[in-house]
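Visitor: Here it is, the structure, as structure tokens.
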Amino acid sequence: MSYVNYYLLSFSLYSMESENRLQVLNNSEIPVKISWRMYNKSKENKPFGVLIDTLTPDHPDHWSFRITNYDGLENPRYFKIEPTILILEPKTLGYVTFSLDRTKEISINHDENNIVNGKAVGIVTALEPAGEYCIRKDGFKMKPAIVKLYSETRHSIQPNLVIRELNNIFQVSASQIYNSQSQCYTETRLFSMCNHLRYPGNISFEINSPFTIKSLRSLRCGIRSGKANIYLFHQDLVEIELQLTIDIKQVYIPKMPTNLLPRKYERMGYLSAVYEDSYFKPKMVATFKMHIDFPILKLSTDYINFGQVVVEETKSINVMLSSYSGPERFVTRSADEVFTISPPDGVVSNRPIPLIISFKPKADEKYLKKIEILTTIPTDVIFLECTSLCNIIKHFPLTIYTFFFLQILSAREKKYN
């Protein structure tokens, strides 16, 4: 009989050993020969297999077969063993060495986790202790030596990167974009990630628009400008520089809200990574957001009524203007010169400032006009509706003729009194 110390051998990508050595002990009183056959687990699940033994030396006409369990396919030869035939004297030890041919990983069958399972079957043949030829004595009556094999392939690797920053939002002011006077506005930020993948390898990154990868950096590799791949080891810290590119023409300008809801344009980018030899699709590492915040101007009222105002006289009403999105530059514009605004432009923040709306009618008519308050964003405007009724009474300048006329009237009144 033969005795195998280990019945399960595993090949881990994280092990520094590329080979596994197995000790075999012939514990019987006669010499034996172990002829090894290697099988890869296949997708097929056949009910039985046929084992043919033609390995008996010098007796090519002597062969036999038997019905056995289905162990898999012999090709491609991913798992290897040396020697394929091991002869052991009674009570002696021998060794076989298992290794892998990783060039076959592309064509080998693997499970859903890209793990390869195999089996080594050692056909044990008892030999006569002496004689000119090695002949079969017990043949298949002796149980085969079975060694199960398990291998992690390079194609089973998935990146395991953890981003350290909590804030992944690129916050941009719409006014800042338009004030740049460039069609494409760019902004860059640095993010750091820790590599928890234990197997060293080349990791490639990709991210969708409007983001691009500007550079990668690690202590081992230095700065890789314009590159989207880098070789990482376990616990390496990698910095990724992301660039946000905004094409103003492709930005949708949301309407000015009537309430205090946020007014912004959003886009999202997905950063993915993939190991260079992996069968897996790129794995998402993190999401990044772009928020373009647009101004939100708010008036204390959107309608004022000046009531009745004498022609050529001026009446003023104050309204409060505020910007809920932060400091914002504004400009005012009146459709009719009878309505004026002070100040005509300036900077407003979330702390309200007064706007003085003045009305000086020039004719006896009903006025209904809109005052526009604009930001630096094109088509960005809020309106203040102004209305008033005017009296026909008009003040004339006091001339010397008017003075004499008033004096005569006064003298007449005294005479008759």
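Note on naming: chains are A, B, ... as they come in the structure tokens, residues start from 1 per chain, ligands start from 1 in the order shown.
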Could you give me, as number ranges by chain, the residues within 7 Å of segment 32-48 of chain A, counting only C-alpha atoms and dropping anything in the same chain fewer than 2 positions from it?

Guide: A: 30, 67-74, 79, 84-89, 109, 117-127

Visitor: For Pro378 of chain A, please output as a PDB file with all heavy atoms, in the first residue's frame all residues within 10 Å (counting only C-alpha atoms; exclusion window: fewer than 3 positions along the same chain).

Guide:
```pdb
ATOM      1  N   SER A 175     -21.535  81.162 -11.360  1.00  0.00           N
ATOM      2  CA  SER A 175     -20.992  82.491 -11.655  1.00  0.00           C
ATOM      3  C   SER A 175     -19.488  82.423 -11.878  1.00  0.00           C
ATOM      4  O   SER A 175     -18.935  83.111 -12.745  1.00  0.00           O
ATOM      5  CB  SER A 175     -21.313  83.448 -10.513  1.00  0.00           C
ATOM      6  OG  SER A 175     -22.704  83.568 -10.336  1.00  0.00           O
ATOM      7  N   TYR A 178     -18.940  81.205 -15.461  1.00  0.00           N
ATOM      8  CA  TYR A 178     -19.210  82.210 -16.485  1.00  0.00           C
ATOM      9  C   TYR A 178     -18.244  83.377 -16.401  1.00  0.00           C
ATOM     10  O   TYR A 178     -17.928  84.007 -17.420  1.00  0.00           O
ATOM     11  CB  TYR A 178     -20.653  82.686 -16.380  1.00  0.00           C
ATOM     12  CG  TYR A 178     -21.635  81.689 -16.950  1.00  0.00           C
ATOM     13  CD1 TYR A 178     -22.242  80.741 -16.135  1.00  0.00           C
ATOM     14  CD2 TYR A 178     -21.945  81.685 -18.307  1.00  0.00           C
ATOM     15  CE1 TYR A 178     -23.134  79.810 -16.656  1.00  0.00           C
ATOM     16  CE2 TYR A 178     -22.832  80.762 -18.840  1.00  0.00           C
ATOM     17  CZ  TYR A 178     -23.425  79.825 -18.009  1.00  0.00           C
ATOM     18  OH  TYR A 178     -24.301  78.913 -18.529  1.00  0.00           O
ATOM     19  N   ILE A 253     -29.231  75.257 -17.631  1.00  0.00           N
ATOM     20  CA  ILE A 253     -29.439  76.287 -16.619  1.00  0.00           C
ATOM     21  C   ILE A 253     -30.818  76.097 -16.004  1.00  0.00           C
ATOM     22  O   ILE A 253     -31.835  76.312 -16.676  1.00  0.00           O
ATOM     23  CB  ILE A 253     -29.310  77.699 -17.219  1.00  0.00           C
ATOM     24  CG1 ILE A 253     -27.915  77.869 -17.849  1.00  0.00           C
ATOM     25  CG2 ILE A 253     -29.558  78.761 -16.152  1.00  0.00           C
ATOM     26  CD1 ILE A 253     -27.720  79.219 -18.522  1.00  0.00           C
ATOM     27  N   LEU A 374     -30.728  91.062 -12.526  1.00  0.00           N
ATOM     28  CA  LEU A 374     -30.003  90.014 -13.225  1.00  0.00           C
ATOM     29  C   LEU A 374     -28.736  89.619 -12.486  1.00  0.00           C
ATOM     30  O   LEU A 374     -28.159  90.413 -11.725  1.00  0.00           O
ATOM     31  CB  LEU A 374     -29.634  90.465 -14.647  1.00  0.00           C
ATOM     32  CG  LEU A 374     -30.780  90.935 -15.552  1.00  0.00           C
ATOM     33  CD1 LEU A 374     -30.900  92.456 -15.479  1.00  0.00           C
ATOM     34  CD2 LEU A 374     -30.552  90.485 -16.979  1.00  0.00           C
ATOM     35  N   THR A 375     -28.290  88.364 -12.730  1.00  0.00           N
ATOM     36  CA  THR A 375     -26.983  87.910 -12.243  1.00  0.00           C
ATOM     37  C   THR A 375     -26.036  87.852 -13.434  1.00  0.00           C
ATOM     38  O   THR A 375     -26.378  88.258 -14.547  1.00  0.00           O
ATOM     39  CB  THR A 375     -27.098  86.514 -11.599  1.00  0.00           C
ATOM     40  OG1 THR A 375     -27.356  85.548 -12.627  1.00  0.00           O
ATOM     41  CG2 THR A 375     -28.224  86.470 -10.580  1.00  0.00           C
ATOM     42  N   VAL A 381     -32.666  85.939 -14.345  1.00  0.00           N
ATOM     43  CA  VAL A 381     -33.296  87.188 -13.973  1.00  0.00           C
ATOM     44  C   VAL A 381     -34.493  86.921 -13.069  1.00  0.00           C
ATOM     45  O   VAL A 381     -35.148  85.889 -13.175  1.00  0.00           O
ATOM     46  CB  VAL A 381     -33.729  87.965 -15.239  1.00  0.00           C
ATOM     47  CG1 VAL A 381     -34.741  87.169 -16.048  1.00  0.00           C
ATOM     48  CG2 VAL A 381     -34.277  89.336 -14.893  1.00  0.00           C
TER      49      VAL A 381
END
```

Visitor: Quote the spacing between atom CA of Asn168 of chain A and atom CA of Glu206 of chain A in Å to one decimal place.

Guide: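 The value is 16.2 Å.
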
Visitor: Can you list, as a PyMOL selection string, every protein, DNA or RNA residue that comes within 9 Å of segment 353-369 of chain A when you count only C-alpha atoms, leaving out same-chain residues fewer than 4 positions away?

Guide: chain A and resi 306+309-322+334-344+348-349+384-393

Visitor: So what do you get for atom CA of Ile81 of chain A versus atom CA of Glu276 of chain A, distance-wise?

Guide: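 Pair atom CA of Ile81 of chain A / atom CA of Glu276 of chain A returns 28.4 Å.
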
Visitor: Quick check, in Å to one decimal: how far apart do atom CA of Leu297 of chain A and atom CA of Arg333 of chain A lie?

Guide: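 Interatomic distance here is 14.9 Å.
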
Visitor: As an NGL selection string, please: the residues near Lys227 of chain A (cut-off 8 Å, only C-alpha atoms, same-chain neighbours under 3 positions excluded).

Guide: :A and (213-216 or 224 or 230)

Visitor: What would the file look like if the residues just selected were written as a PDB file, in the first residue's frame with all heavy atoms?

Guide:
```pdb
ATOM      1  N   ILE A 213      -8.803  61.229 -15.460  1.00  0.00           N
ATOM      2  CA  ILE A 213      -7.679  60.955 -14.558  1.00  0.00           C
ATOM      3  C   ILE A 213      -6.469  61.719 -15.084  1.00  0.00           C
ATOM      4  O   ILE A 213      -6.003  61.472 -16.202  1.00  0.00           O
ATOM      5  CB  ILE A 213      -7.389  59.446 -14.493  1.00  0.00           C
ATOM      6  CG1 ILE A 213      -8.609  58.707 -13.916  1.00  0.00           C
ATOM      7  CG2 ILE A 213      -6.152  59.173 -13.641  1.00  0.00           C
ATOM      8  CD1 ILE A 213      -8.516  57.206 -14.004  1.00  0.00           C
ATOM      9  N   LYS A 214      -5.992  62.636 -14.274  1.00  0.00           N
ATOM     10  CA  LYS A 214      -4.867  63.467 -14.704  1.00  0.00           C
ATOM     11  C   LYS A 214      -3.528  62.834 -14.346  1.00  0.00           C
ATOM     12  O   LYS A 214      -2.568  62.913 -15.106  1.00  0.00           O
ATOM     13  CB  LYS A 214      -4.983  64.865 -14.069  1.00  0.00           C
ATOM     14  CG  LYS A 214      -4.072  65.894 -14.704  1.00  0.00           C
ATOM     15  CD  LYS A 214      -4.360  67.288 -14.179  1.00  0.00           C
ATOM     16  CE  LYS A 214      -3.465  68.310 -14.858  1.00  0.00           C
ATOM     17  NZ  LYS A 214      -3.709  69.673 -14.334  1.00  0.00           N
ATOM     18  N   SER A 215      -3.454  62.180 -13.175  1.00  0.00           N
ATOM     19  CA  SER A 215      -2.201  61.527 -12.776  1.00  0.00           C
ATOM     20  C   SER A 215      -2.468  60.543 -11.649  1.00  0.00           C
ATOM     21  O   SER A 215      -3.497  60.605 -10.970  1.00  0.00           O
ATOM     22  CB  SER A 215      -1.147  62.555 -12.333  1.00  0.00           C
ATOM     23  OG  SER A 215      -1.548  63.176 -11.114  1.00  0.00           O
ATOM     24  N   LEU A 216      -1.506  59.627 -11.459  1.00  0.00           N
ATOM     25  CA  LEU A 216      -1.498  58.681 -10.339  1.00  0.00           C
ATOM     26  C   LEU A 216      -0.140  58.782  -9.671  1.00  0.00           C
ATOM     27  O   LEU A 216       0.876  59.045 -10.331  1.00  0.00           O
ATOM     28  CB  LEU A 216      -1.741  57.248 -10.830  1.00  0.00           C
ATOM     29  CG  LEU A 216      -3.117  56.929 -11.419  1.00  0.00           C
ATOM     30  CD1 LEU A 216      -3.077  55.592 -12.140  1.00  0.00           C
ATOM     31  CD2 LEU A 216      -4.186  56.908 -10.342  1.00  0.00           C
ATOM     32  N   ARG A 224       2.812  59.384 -12.045  1.00  0.00           N
ATOM     33  CA  ARG A 224       2.556  58.904 -13.406  1.00  0.00           C
ATOM     34  C   ARG A 224       1.550  59.852 -14.061  1.00  0.00           C
ATOM     35  O   ARG A 224       0.335  59.632 -13.999  1.00  0.00           O
ATOM     36  CB  ARG A 224       2.040  57.468 -13.387  1.00  0.00           C
ATOM     37  CG  ARG A 224       3.092  56.476 -12.924  1.00  0.00           C
ATOM     38  CD  ARG A 224       2.554  55.055 -12.862  1.00  0.00           C
ATOM     39  NE  ARG A 224       1.994  54.591 -14.126  1.00  0.00           N
ATOM     40  CZ  ARG A 224       2.697  54.153 -15.153  1.00  0.00           C
ATOM     41  NH1 ARG A 224       4.025  54.138 -15.084  1.00  0.00           N
ATOM     42  NH2 ARG A 224       2.106  53.727 -16.253  1.00  0.00           N
ATOM     43  N   ILE A 230      -1.180  51.755 -12.634  1.00  0.00           N
ATOM     44  CA  ILE A 230      -0.050  51.825 -11.711  1.00  0.00           C
ATOM     45  C   ILE A 230       0.122  50.480 -11.031  1.00  0.00           C
ATOM     46  O   ILE A 230      -0.854  49.757 -10.806  1.00  0.00           O
ATOM     47  CB  ILE A 230      -0.266  52.951 -10.663  1.00  0.00           C
ATOM     48  CG1 ILE A 230       1.020  53.251  -9.897  1.00  0.00           C
ATOM     49  CG2 ILE A 230      -1.413  52.614  -9.727  1.00  0.00           C
ATOM     50  CD1 ILE A 230       0.943  54.527  -9.053  1.00  0.00           C
TER      51      ILE A 230
END
```

Visitor: Using DSSP assignments from the backbone, pull out every residue in segment 18-128 of chain A that falls under strand (DSSP E or B) and give it to me as a ChimeraX atom specification.

Guide: /A:19-26,32-40,49-53,64-68,73,79-82,85-88,93-100,115-127

Visitor: Name the closest residue to Leu8 of chain A among the candidates A:Tyr324, A:Tyr270, A:Tyr150, A:Tyr231; distances are taken between atoms, counting only C-alpha atoms.

Guide: A:Tyr150

Visitor: Rank nothing, just name the residue among A:Met193, A:Leu242, A:Leu22, A:Val172 nearest to Ser218 of chain A, using only C-alpha atoms.

Guide: A:Met193
